[in-house]
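input-v4.txt, holding compact mmCIF, C-alpha atoms:
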# COMPACT_ATOMS: atom_id res chain seq x y z
CA THR W 17 0.41 33.48 13.94
CA LEU W 18 1.48 36.16 11.43
CA ALA W 19 4.26 37.28 13.76
CA ARG W 20 5.56 33.71 14.00
CA LEU W 21 5.57 33.30 10.21
CA LEU W 22 7.56 36.54 9.90
CA GLU W 23 10.02 35.17 12.44
CA ILE W 24 10.42 32.06 10.27
CA SER W 25 11.09 34.20 7.21
CA ARG W 26 13.71 36.32 8.97
CA MET W 27 15.38 33.22 10.42
CA THR W 28 15.55 31.52 7.02
CA THR W 29 16.95 34.62 5.31
CA ARG W 30 19.79 34.91 7.81
CA LEU W 31 20.95 31.34 7.27
CA HIS W 32 23.24 30.20 4.44
CA SER W 33 21.86 27.87 1.77
CA ARG W 34 23.31 24.76 3.42
CA SER W 35 21.28 25.56 6.50
CA LEU W 36 18.00 26.14 4.66
CA PHE W 37 16.71 22.65 5.33
CA ARG W 38 17.59 23.02 8.99
CA ALA W 39 15.69 26.31 9.07
CA VAL W 40 12.61 24.54 7.74
CA LEU W 41 12.98 21.90 10.45
CA ILE W 42 13.19 24.62 13.08
CA ALA W 43 10.10 26.29 11.73
CA ALA W 44 8.15 23.05 11.77
CA ALA W 45 9.23 22.17 15.28
CA LEU W 46 8.88 25.57 16.87
CA PHE W 47 6.03 27.21 15.04
CA LEU W 48 3.79 24.78 13.17
CA PRO W 49 2.61 23.00 16.35
CA ALA W 50 1.34 26.33 17.56
CA LEU W 51 -0.62 27.13 14.40
CA ALA W 52 -4.32 26.46 14.48
CA HIS W 53 -6.00 23.77 12.38
CA ALA W 54 -9.69 23.21 11.95
CA ASP W 55 -9.64 19.93 13.88
CA ASP W 56 -7.41 21.13 16.72
CA PRO W 57 -9.01 21.14 20.17
CA LYS W 58 -9.82 24.50 21.66
CA PRO W 59 -7.73 25.50 24.67
CA VAL W 60 -9.10 24.14 27.93
CA LEU W 61 -7.32 26.91 29.79
CA SER W 62 -6.13 30.32 28.61
CA ILE W 63 -5.15 33.71 30.02
CA LYS W 64 -4.18 37.06 28.56
CA THR W 65 -2.60 39.77 30.69
CA LYS W 66 -0.35 42.74 30.02
CA SER W 67 2.61 40.42 30.50
CA ILE W 68 1.66 37.10 28.92
CA GLU W 69 -0.76 35.24 26.70
CA ALA W 70 -0.87 31.54 27.55
CA SER W 71 -2.98 28.49 26.81
CA VAL W 72 -3.23 24.75 27.41
CA SER W 73 -4.86 22.35 24.93
CA ILE W 74 -5.65 18.67 25.46
CA ASP W 75 -6.25 16.15 22.70
CA ASP W 76 -9.88 14.99 22.74
CA LYS W 77 -8.67 11.37 22.57
CA LEU W 78 -7.18 11.71 26.03
CA LYS W 79 -10.56 12.47 27.55
CA ALA W 80 -11.42 8.77 27.25
CA TYR W 81 -9.12 7.89 30.16
CA SER W 82 -10.46 8.54 33.63
CA GLY W 83 -8.35 10.94 35.65
CA LEU W 84 -5.94 11.79 32.84
CA THR W 85 -7.50 15.05 31.69
CA ASP W 86 -7.72 16.37 35.26
CA ASN W 87 -4.10 15.40 35.84
CA LEU W 88 -2.91 17.18 32.69
CA LEU W 89 -5.04 20.25 33.33
CA ALA W 90 -3.66 20.62 36.85
CA GLU W 91 -0.11 20.40 35.53
CA GLY W 92 -0.87 22.89 32.76
CA ARG W 93 -2.40 25.32 35.23
CA ARG W 94 0.74 25.19 37.37
CA GLU W 95 2.94 25.82 34.34
CA ILE W 96 0.92 28.84 33.24
CA ALA W 97 1.07 30.23 36.78
CA LYS W 98 4.87 29.81 36.78
CA TRP W 99 5.32 31.66 33.50
CA ARG W 100 2.88 34.36 34.55
CA VAL W 101 4.98 35.10 37.63
CA SER W 102 8.13 35.18 35.48
CA ALA W 103 6.55 37.46 32.88
CA ASP W 104 5.16 39.84 35.51
CA LYS W 105 8.60 40.12 37.11
CA ASP W 106 10.31 40.76 33.78
CA ARG W 107 7.72 43.37 32.84
CA LYS W 108 8.36 45.15 36.13
CA ASP W 109 12.15 44.99 35.67
CA ALA W 110 12.20 45.86 31.93
CA PRO W 111 8.93 47.61 30.98
CA ASP W 112 10.28 48.78 27.60
CA ALA W 113 10.46 45.18 26.43
CA PHE W 114 6.68 44.97 26.83
CA ALA W 115 5.87 48.30 25.14
CA ASP W 116 3.32 48.56 22.32
CA GLY W 117 1.36 45.59 23.63
CA ARG W 118 4.20 43.10 23.43
CA ARG W 119 3.91 40.21 25.85
CA TYR W 120 5.27 36.73 26.46
CA SER W 121 3.57 33.86 24.66
CA PHE W 122 3.31 30.34 26.06
CA GLU W 123 1.40 27.38 24.61
CA ARG W 124 1.23 23.82 25.89
CA ARG W 125 -0.35 20.97 23.96
CA TYR W 126 -1.01 17.43 25.17
CA THR W 127 -1.54 14.91 22.36
CA GLN W 128 -1.94 11.16 22.34
CA ARG W 129 1.11 9.45 20.83
CA SER W 130 -0.14 5.91 21.37
CA ALA W 131 -2.59 3.79 23.37
CA ILE W 132 -1.37 0.24 23.93
CA GLY W 133 -3.15 -2.03 26.35
CA ARG W 134 -3.36 -0.19 29.66
CA TYR W 135 -0.70 2.35 28.71
CA VAL W 136 -1.27 5.73 27.09
CA SER W 137 1.74 7.67 25.82
CA VAL W 138 1.15 11.42 25.89
CA GLU W 139 3.34 13.87 24.02
CA ARG W 140 3.64 17.24 25.75
CA GLY W 141 4.71 20.08 23.49
CA ASP W 142 5.62 23.54 24.79
CA TYR W 143 6.16 26.74 22.83
CA LEU W 144 7.58 29.82 24.55
CA ASN W 145 8.40 33.26 23.22
CA SER W 146 9.95 35.31 26.03
CA HIS W 147 11.56 38.02 23.91
CA GLY W 148 14.82 36.14 23.60
CA ALA W 149 16.93 35.68 20.49
CA HIS W 150 14.34 33.21 19.22
CA PRO W 151 11.30 31.33 20.52
CA ASN W 152 11.90 27.97 22.17
CA SER W 153 10.12 24.65 22.05
CA GLU W 154 10.34 21.58 24.22
CA THR W 155 8.95 18.09 23.86
CA ASN W 156 8.34 15.86 26.83
CA THR W 157 6.27 12.73 27.38
CA ILE W 158 3.99 11.17 29.94
CA LEU W 159 3.21 7.47 30.31
CA TRP W 160 -0.24 6.98 31.84
CA ASP W 161 -1.50 3.72 33.32
CA ALA W 162 -5.21 3.77 32.49
CA ILE W 163 -6.02 1.06 35.05
CA ALA W 164 -4.01 2.43 37.97
CA LYS W 165 -4.96 5.97 36.84
CA LYS W 166 -1.52 7.44 37.40
CA ARG W 167 1.72 8.34 35.69
CA VAL W 168 4.23 5.52 35.50
CA SER W 169 7.76 4.85 34.32
CA ILE W 170 9.09 2.36 31.77
CA ARG W 171 11.32 0.85 34.50
CA PRO W 172 9.01 -2.12 35.25
CA PHE W 173 9.33 -3.21 31.62
CA PHE W 174 12.96 -4.16 32.21
CA LYS W 175 14.82 -6.54 34.50
CA GLU W 176 17.12 -3.72 35.60
CA THR W 177 17.51 -0.01 34.79
CA ALA W 178 20.49 1.06 36.87
CA PRO W 179 22.39 4.09 35.53
CA ASP W 180 25.36 2.84 33.48
CA GLY W 181 23.94 -0.68 33.73
CA PRO W 182 23.79 -3.07 30.75
CA THR W 183 20.19 -2.30 29.78
CA LEU W 184 20.50 1.46 29.62
CA ASP W 185 23.96 1.26 28.12
CA ARG W 186 22.52 -0.80 25.27
CA LEU W 187 19.63 1.63 24.85
CA ALA W 188 21.85 4.71 24.92
CA LYS W 189 24.13 3.27 22.23
CA ALA W 190 21.13 2.43 20.03
CA ILE W 191 19.76 5.96 20.44
CA ARG W 192 23.08 7.62 19.60
CA THR W 193 23.49 5.42 16.53
CA ARG W 194 20.02 6.34 15.27
CA LEU W 195 20.61 10.04 15.92
CA ALA W 196 23.91 9.91 14.02
CA VAL W 197 22.07 8.48 11.00
CA GLU W 198 19.46 11.22 11.24
CA LYS W 199 22.09 13.96 11.43
CA LYS W 200 23.63 12.63 8.24
CA ALA W 201 20.23 12.38 6.53
CA ARG W 202 19.62 16.07 7.25
CA GLY W 203 22.68 17.03 5.27
CA GLY W 204 25.18 17.11 8.10
CA ASP W 205 28.62 15.56 8.26
CA ASP W 206 29.29 11.99 9.35
CA VAL W 207 29.45 11.82 13.13
CA ASP W 208 30.75 9.16 15.45
CA PRO W 209 27.85 8.23 17.76
CA ASP W 210 30.30 7.54 20.58
CA THR W 211 32.36 10.74 20.34
CA ASP W 212 30.11 13.45 18.87
CA THR W 213 29.78 16.33 21.34
CA GLY W 214 26.00 16.61 21.03
CA LEU W 215 25.34 12.89 21.16
CA ALA W 216 27.51 12.61 24.26
CA ASN W 217 24.53 14.14 26.08
CA VAL W 218 22.71 10.81 25.61
CA LYS W 219 23.87 8.81 28.59
CA PRO W 220 22.81 5.42 30.07
CA ASP W 221 20.44 7.05 32.54
CA LEU W 222 16.67 7.29 32.09
CA LEU W 223 16.86 10.99 32.96
CA LYS W 224 19.44 11.61 30.23
CA MET W 225 18.04 9.63 27.31
CA GLY W 226 15.34 11.92 25.97
CA ALA W 227 11.59 11.84 26.48
CA VAL W 228 10.32 8.31 25.88
CA ALA W 229 7.04 6.99 24.49
CA LEU W 230 5.67 3.63 23.39
CA VAL W 231 5.35 3.07 19.66
CA PRO W 232 2.34 1.12 18.32
CA SER W 233 2.74 -2.24 16.61
CA THR W 234 1.22 -4.24 13.80
CA GLU W 235 0.38 -6.75 16.53
CA THR W 236 -2.71 -5.76 18.49
CA GLY W 237 -2.05 -4.80 22.10
CA LYS W 238 1.71 -4.70 21.58
CA SER W 239 4.35 -2.02 21.25
CA ALA W 240 6.96 -2.23 18.49
CA GLY W 241 9.53 -0.36 20.57
CA LEU W 242 10.39 2.94 22.16
CA ILE W 243 10.83 6.39 20.68
CA PHE W 244 12.98 9.03 22.33
CA TYR W 245 12.39 12.74 21.70
CA PHE W 246 15.04 15.45 21.93
CA SER W 247 14.20 19.15 21.92
CA PRO W 248 16.40 21.73 20.15
CA TYR W 249 19.81 22.09 21.84
CA ALA W 250 19.56 18.63 23.47
CA VAL W 251 21.81 16.74 21.04
CA GLY W 252 23.00 19.47 18.70
CA SER W 253 22.88 23.15 17.89
CA TYR W 254 19.65 25.12 17.88
CA ALA W 255 19.88 25.30 14.09
CA GLU W 256 19.57 21.52 13.88
CA GLY W 257 16.16 21.59 15.50
CA PRO W 258 14.59 18.66 17.36
CA TYR W 259 15.37 14.98 16.89
CA SER W 260 13.72 11.67 17.63
CA ALA W 261 15.13 8.15 17.72
CA PHE W 262 13.13 4.94 17.38
CA VAL W 263 14.55 1.79 18.96
CA SER W 264 12.94 -1.52 18.05
CA TRP W 265 11.98 -3.85 20.89
CA ARG W 266 14.28 -6.46 19.38
CA THR W 267 17.24 -4.33 20.44
CA PHE W 268 16.39 -4.79 24.11
CA LYS W 269 14.31 -7.99 24.07
CA ASP W 270 16.79 -9.85 26.29
CA ASP W 271 16.54 -7.10 28.91
CA LEU W 272 12.75 -7.23 29.26
CA SER W 273 10.98 -8.29 32.43
CA SER W 274 7.97 -10.59 32.21
CA GLU W 275 5.75 -7.48 32.09
CA GLY W 276 7.83 -5.99 29.29
CA ALA W 277 7.94 -9.23 27.33
CA ALA W 278 4.15 -9.30 27.36
CA LEU W 279 3.97 -5.72 26.11
CA PHE W 280 6.43 -5.65 23.20
CA GLY W 281 6.22 -7.41 19.85
CA GLY W 282 5.43 -7.04 16.17
CA GLU W 283 6.57 -4.34 13.77
CA ARG W 284 6.16 -0.60 13.61
CA PRO W 285 3.12 0.23 11.43
CA LYS W 286 3.84 1.83 8.08
CA GLY W 287 3.50 5.59 8.31
CA ASP W 288 3.90 5.79 12.07
CA GLU W 289 7.21 7.61 11.64
CA GLU W 290 5.22 10.58 10.34
CA LYS W 291 4.17 11.21 13.95
CA ASP W 292 7.79 11.65 15.07

Show how you would write the structure in this file as structure tokens.
Amino acid sequence: TLARLLEISRMTTRLHSRSLFRAVLIAAALFLPALAHADDPKPVLSIKTKSIEASVSIDDKLKAYSGLTDNLLAEGRREIAKWRVSADKDRKDAPDAFADGRRYSFERRYTQRSAIGRYVSVERGDYLNSHGAHPNSETNTILWDAIAKKRVSIRPFFKETAPDGPTLDRLAKAIRTRLAVEKKARGGDDVDPDTDTGLANVKPDLLKMGAVALVPSTETGKSAGLIFYFSPYAVGSYAEGPYSAFVSWRTFKDDLSSEGAALFGGERPKGDEEKD
């Protein structure tokens, strides 16, 4: 933890004053999720070797859903094994980089973003320090069907989800517009959501629109819309840090299937944006 705080300090010092706010955003995104709090769950899996120290933590709330914890733990175990192989190889190839007890650090955290009806949105946060120019973080999501006890997609919520089709084109434009507003709010220049180089990475394809999760609603059993998460580098420079974009269900209400129409409604609860 101390080493990470020192990294934050060095990073902030190197940046010019205009980038100070961005440096704080980076610190929050990359380091604060990895810092321990009194109410944080203890790792359910951890290892420490000469090459790597790694752990997986699972939000206690997720234990309420049959099969979910086992599913997440199995995935986390595979990820740790992958990074262990990579770290062992790098230590063999470049032993000096691991001198004085230095090792790779990997942390994965699964937290509940929302629980709406049968659907549980899980936010998966990764932190990796592999002796590069800076540590990296990545946010992904999982949508769990608590009745079917499996991972599912948002596709059934819509009448059609073809790449470059009308539904995803509408969603992609809404996401880019929201991201452009956020870039401006962070002190950046005005950007055109349709021509900005970073935002051009958001395309009308479910695999190129960020990591999606359901947002809770003021109406019980409903979702107020979708939120899309973007890790550092995804829609801008590393210095900009991560982004998220909320899209209200009203934006895509005409594209919803009968299943989707039954799921979405109401307004986003006050304060929910603090979870972004």

Around all of region 148-161 of chain W's listed atoms, make the axis-aligned box with 3 Å on each side and tell me centre and edge lengths in Å to one decimal, as lines of an AutoDock Vina configuration file.
center_x = 7.7
center_y = 19.9
center_z = 26.3
size_x = 24.4
size_y = 38.4
size_z = 20.1

Discussion item. As a PyMOL selection string, please: the residues near Arg129 (chain W) (cut-off 7 Å, all atoms listed in the file, same-chain neighbours under 3 positions excluded).
Written reply: chain W and resi 137-139

For C-alpha atoms, I'd like the residues from the last selection saved as an mmCIF file, in the frame of the given file.
data_model
loop_
_atom_site.group_PDB
_atom_site.id
_atom_site.type_symbol
_atom_site.label_atom_id
_atom_site.label_comp_id
_atom_site.auth_asym_id
_atom_site.auth_seq_id
_atom_site.Cartn_x
_atom_site.Cartn_y
_atom_site.Cartn_z
ATOM 1 C CA SER W 137 1.740 7.670 25.820
ATOM 2 C CA VAL W 138 1.150 11.420 25.890
ATOM 3 C CA GLU W 139 3.340 13.870 24.020
#

Fill in: Test item: residues at most 12 Å from Ala90 (chain W), all atoms listed in the file, excluding those fewer than 4 positions along its chain, as a ChimeraX atom specification
/W:60-61,72,74,83-86,94-97

Discussion item. Give me the residues near Pro258 (chain W) as a PyMOL selection string, where near means some atom within 6 Å (using all atoms listed in the file) and where sequence neighbours in that chain fewer than 6 positions away do not count.
Written reply: chain W and resi 246-248

Could you please take those selected residues and save C-alpha atoms as a PDB file, in the frame of the given file?
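The result, stored in out.pdb:
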ATOM      1  CA  PHE W 246      15.040  15.450  21.930  1.00  0.00           C
ATOM      2  CA  SER W 247      14.200  19.150  21.920  1.00  0.00           C
ATOM      3  CA  PRO W 248      16.400  21.730  20.150  1.00  0.00           C
TER       4      PRO W 248
END

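Proximity of W:Glu256, W:Ser274, W:Lys77, W:Leu144 to Lys200 (chain W), computed with only C-alpha atoms, is greatest for W:Glu256.
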
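Between Arg284 (chain W) and the residues W:Ser130, W:Arg202, W:Ala190, W:Ser260, the shortest atom-to-atom distance, using only C-alpha atoms, involves W:Ser130.
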
Each residue of region 48-95 of chain W with at least one atom at most 12 Å from region 147-169 of chain W should appear once, together with its nearest atom pair and the corresponding distance in Å (one decimal); atoms considered: all atoms listed in the file; ordering: chain, then increasing residue number; output as a Markdown table.
| residue | atom | partner | partner_atom | distance |
| --- | --- | --- | --- | --- |
| W:Leu48 | CA | W:Ser153 | CA | 10.9 |
| W:Pro49 | CA | W:Ser153 | CA | 9.6 |
| W:Ala50 | CA | W:Ser153 | CA | 10.0 |
| W:Ser67 | CA | W:His147 | CA | 11.4 |
| W:Ile68 | CA | W:His147 | CA | 11.1 |
| W:Leu78 | CA | W:Trp160 | CA | 10.2 |
| W:Lys79 | CA | W:Ala162 | CA | 11.3 |
| W:Ala80 | CA | W:Ala162 | CA | 9.5 |
| W:Tyr81 | CA | W:Ala162 | CA | 6.1 |
| W:Ser82 | CA | W:Lys165 | CA | 6.9 |
| W:Gly83 | CA | W:Lys165 | CA | 6.1 |
| W:Leu84 | CA | W:Lys165 | CA | 7.1 |
| W:Thr85 | CA | W:Lys165 | CA | 10.7 |
| W:Asp86 | CA | W:Lys165 | CA | 10.9 |
| W:Asn87 | CA | W:Lys166 | CA | 8.5 |
| W:Leu88 | CA | W:Ile158 | CA | 9.6 |
| W:Glu91 | CA | W:Ile158 | CA | 11.5 |

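The smallest atom-to-atom distance between Asp271 (chain W) and any of W:Ser62, W:Asn217, W:Thr183, W:Ser233, using only C-alpha atoms, is found for W:Thr183.
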
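Take the candidates W:Arg192, W:Arg134, W:Lys58, W:Arg140 and check each one against Leu279 (chain W) using all atoms listed in the file; the shortest distance goes to W:Arg134.
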
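CA of Ser71 (chain W) to CA of Asp292 (chain W) spans 23.2 Å [interatomic distance, one decimal].
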
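Closest approach to Thr127 (chain W) among W:Ala277, W:Lys291, W:Val228, W:Ser146 is made by W:Lys291 (distances from only C-alpha atoms).
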
Is it possible to add all heavy atoms to region 220-231 of chain W and hand it back as a PDB file, in the coordinates of the input?
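Saved file result10.pdb follows:
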ATOM      1  N   PRO W 220      23.582   6.563  29.564  1.00  0.00           N
ATOM      2  CA  PRO W 220      22.810   5.420  30.070  1.00  0.00           C
ATOM      3  C   PRO W 220      22.160   5.724  31.411  1.00  0.00           C
ATOM      4  O   PRO W 220      22.520   5.207  32.453  1.00  0.00           O
ATOM      5  CB  PRO W 220      23.856   4.304  30.172  1.00  0.00           C
ATOM      6  CG  PRO W 220      25.153   5.018  30.313  1.00  0.00           C
ATOM      7  CD  PRO W 220      25.025   6.284  29.526  1.00  0.00           C
ATOM      8  N   ASP W 221      21.192   6.610  31.360  1.00  0.00           N
ATOM      9  CA  ASP W 221      20.440   7.050  32.540  1.00  0.00           C
ATOM     10  C   ASP W 221      19.074   7.480  32.026  1.00  0.00           C
ATOM     11  O   ASP W 221      18.992   8.286  31.082  1.00  0.00           O
ATOM     12  CB  ASP W 221      21.171   8.223  33.212  1.00  0.00           C
ATOM     13  CG  ASP W 221      20.520   8.667  34.514  1.00  0.00           C
ATOM     14  OD1 ASP W 221      19.272   8.637  34.597  1.00  0.00           O
ATOM     15  OD2 ASP W 221      21.244   9.059  35.438  1.00  0.00           O
ATOM     16  N   LEU W 222      18.003   6.979  32.598  1.00  0.00           N
ATOM     17  CA  LEU W 222      16.670   7.290  32.090  1.00  0.00           C
ATOM     18  C   LEU W 222      16.366   8.780  32.096  1.00  0.00           C
ATOM     19  O   LEU W 222      15.504   9.242  31.350  1.00  0.00           O
ATOM     20  CB  LEU W 222      15.602   6.548  32.905  1.00  0.00           C
ATOM     21  CG  LEU W 222      15.416   5.070  32.566  1.00  0.00           C
ATOM     22  CD1 LEU W 222      14.321   4.464  33.429  1.00  0.00           C
ATOM     23  CD2 LEU W 222      15.085   4.889  31.085  1.00  0.00           C
ATOM     24  N   LEU W 223      17.070   9.543  32.911  1.00  0.00           N
ATOM     25  CA  LEU W 223      16.860  10.990  32.960  1.00  0.00           C
ATOM     26  C   LEU W 223      17.714  11.720  31.929  1.00  0.00           C
ATOM     27  O   LEU W 223      17.593  12.941  31.793  1.00  0.00           O
ATOM     28  CB  LEU W 223      17.168  11.517  34.359  1.00  0.00           C
ATOM     29  CG  LEU W 223      16.315  10.943  35.494  1.00  0.00           C
ATOM     30  CD1 LEU W 223      16.746  11.537  36.829  1.00  0.00           C
ATOM     31  CD2 LEU W 223      14.833  11.200  35.240  1.00  0.00           C
ATOM     32  N   LYS W 224      18.538  10.976  31.198  1.00  0.00           N
ATOM     33  CA  LYS W 224      19.440  11.610  30.230  1.00  0.00           C
ATOM     34  C   LYS W 224      19.388  10.918  28.875  1.00  0.00           C
ATOM     35  O   LYS W 224      20.372  10.863  28.146  1.00  0.00           O
ATOM     36  CB  LYS W 224      20.871  11.597  30.774  1.00  0.00           C
ATOM     37  CG  LYS W 224      21.026  12.341  32.093  1.00  0.00           C
ATOM     38  CD  LYS W 224      22.430  12.213  32.649  1.00  0.00           C
ATOM     39  CE  LYS W 224      22.558  12.926  33.990  1.00  0.00           C
ATOM     40  NZ  LYS W 224      23.919  12.790  34.577  1.00  0.00           N
ATOM     41  N   MET W 225      18.190  10.386  28.560  1.00  0.00           N
ATOM     42  CA  MET W 225      18.040   9.630  27.310  1.00  0.00           C
ATOM     43  C   MET W 225      16.907  10.165  26.456  1.00  0.00           C
ATOM     44  O   MET W 225      16.459   9.491  25.533  1.00  0.00           O
ATOM     45  CB  MET W 225      17.808   8.148  27.628  1.00  0.00           C
ATOM     46  CG  MET W 225      18.958   7.500  28.358  1.00  0.00           C
ATOM     47  SD  MET W 225      18.617   5.794  28.854  1.00  0.00           S
ATOM     48  CE  MET W 225      18.540   4.997  27.276  1.00  0.00           C
ATOM     49  N   GLY W 226      16.455  11.378  26.742  1.00  0.00           N
ATOM     50  CA  GLY W 226      15.340  11.920  25.970  1.00  0.00           C
ATOM     51  C   GLY W 226      14.015  11.569  26.601  1.00  0.00           C
ATOM     52  O   GLY W 226      13.932  10.835  27.596  1.00  0.00           O
ATOM     53  N   ALA W 227      12.962  12.100  26.011  1.00  0.00           N
ATOM     54  CA  ALA W 227      11.590  11.840  26.480  1.00  0.00           C
ATOM     55  C   ALA W 227      11.049  10.626  25.749  1.00  0.00           C
ATOM     56  O   ALA W 227      10.991  10.604  24.520  1.00  0.00           O
ATOM     57  CB  ALA W 227      10.717  13.067  26.219  1.00  0.00           C
ATOM     58  N   VAL W 228      10.649   9.602  26.490  1.00  0.00           N
ATOM     59  CA  VAL W 228      10.320   8.310  25.880  1.00  0.00           C
ATOM     60  C   VAL W 228       8.826   8.061  25.778  1.00  0.00           C
ATOM     61  O   VAL W 228       8.044   8.480  26.628  1.00  0.00           O
ATOM     62  CB  VAL W 228      10.991   7.159  26.683  1.00  0.00           C
ATOM     63  CG1 VAL W 228      10.450   7.105  28.113  1.00  0.00           C
ATOM     64  CG2 VAL W 228      10.810   5.824  25.986  1.00  0.00           C
ATOM     65  N   ALA W 229       8.447   7.370  24.694  1.00  0.00           N
ATOM     66  CA  ALA W 229       7.040   6.990  24.490  1.00  0.00           C
ATOM     67  C   ALA W 229       6.993   5.609  23.836  1.00  0.00           C
ATOM     68  O   ALA W 229       7.953   5.176  23.185  1.00  0.00           O
ATOM     69  CB  ALA W 229       6.321   8.006  23.604  1.00  0.00           C
ATOM     70  N   LEU W 230       5.884   4.928  24.033  1.00  0.00           N
ATOM     71  CA  LEU W 230       5.670   3.630  23.390  1.00  0.00           C
ATOM     72  C   LEU W 230       5.203   3.844  21.955  1.00  0.00           C
ATOM     73  O   LEU W 230       4.385   4.717  21.675  1.00  0.00           O
ATOM     74  CB  LEU W 230       4.603   2.834  24.157  1.00  0.00           C
ATOM     75  CG  LEU W 230       4.950   2.396  25.579  1.00  0.00           C
ATOM     76  CD1 LEU W 230       3.719   1.775  26.246  1.00  0.00           C
ATOM     77  CD2 LEU W 230       6.106   1.414  25.587  1.00  0.00           C
ATOM     78  N   VAL W 231       5.726   3.020  21.065  1.00  0.00           N
ATOM     79  CA  VAL W 231       5.350   3.070  19.660  1.00  0.00           C
ATOM     80  C   VAL W 231       4.377   1.937  19.370  1.00  0.00           C
ATOM     81  O   VAL W 231       4.582   0.809  19.838  1.00  0.00           O
ATOM     82  CB  VAL W 231       6.606   2.949  18.761  1.00  0.00           C
ATOM     83  CG1 VAL W 231       6.222   2.784  17.300  1.00  0.00           C
ATOM     84  CG2 VAL W 231       7.488   4.178  18.938  1.00  0.00           C
TER      85      VAL W 231
END
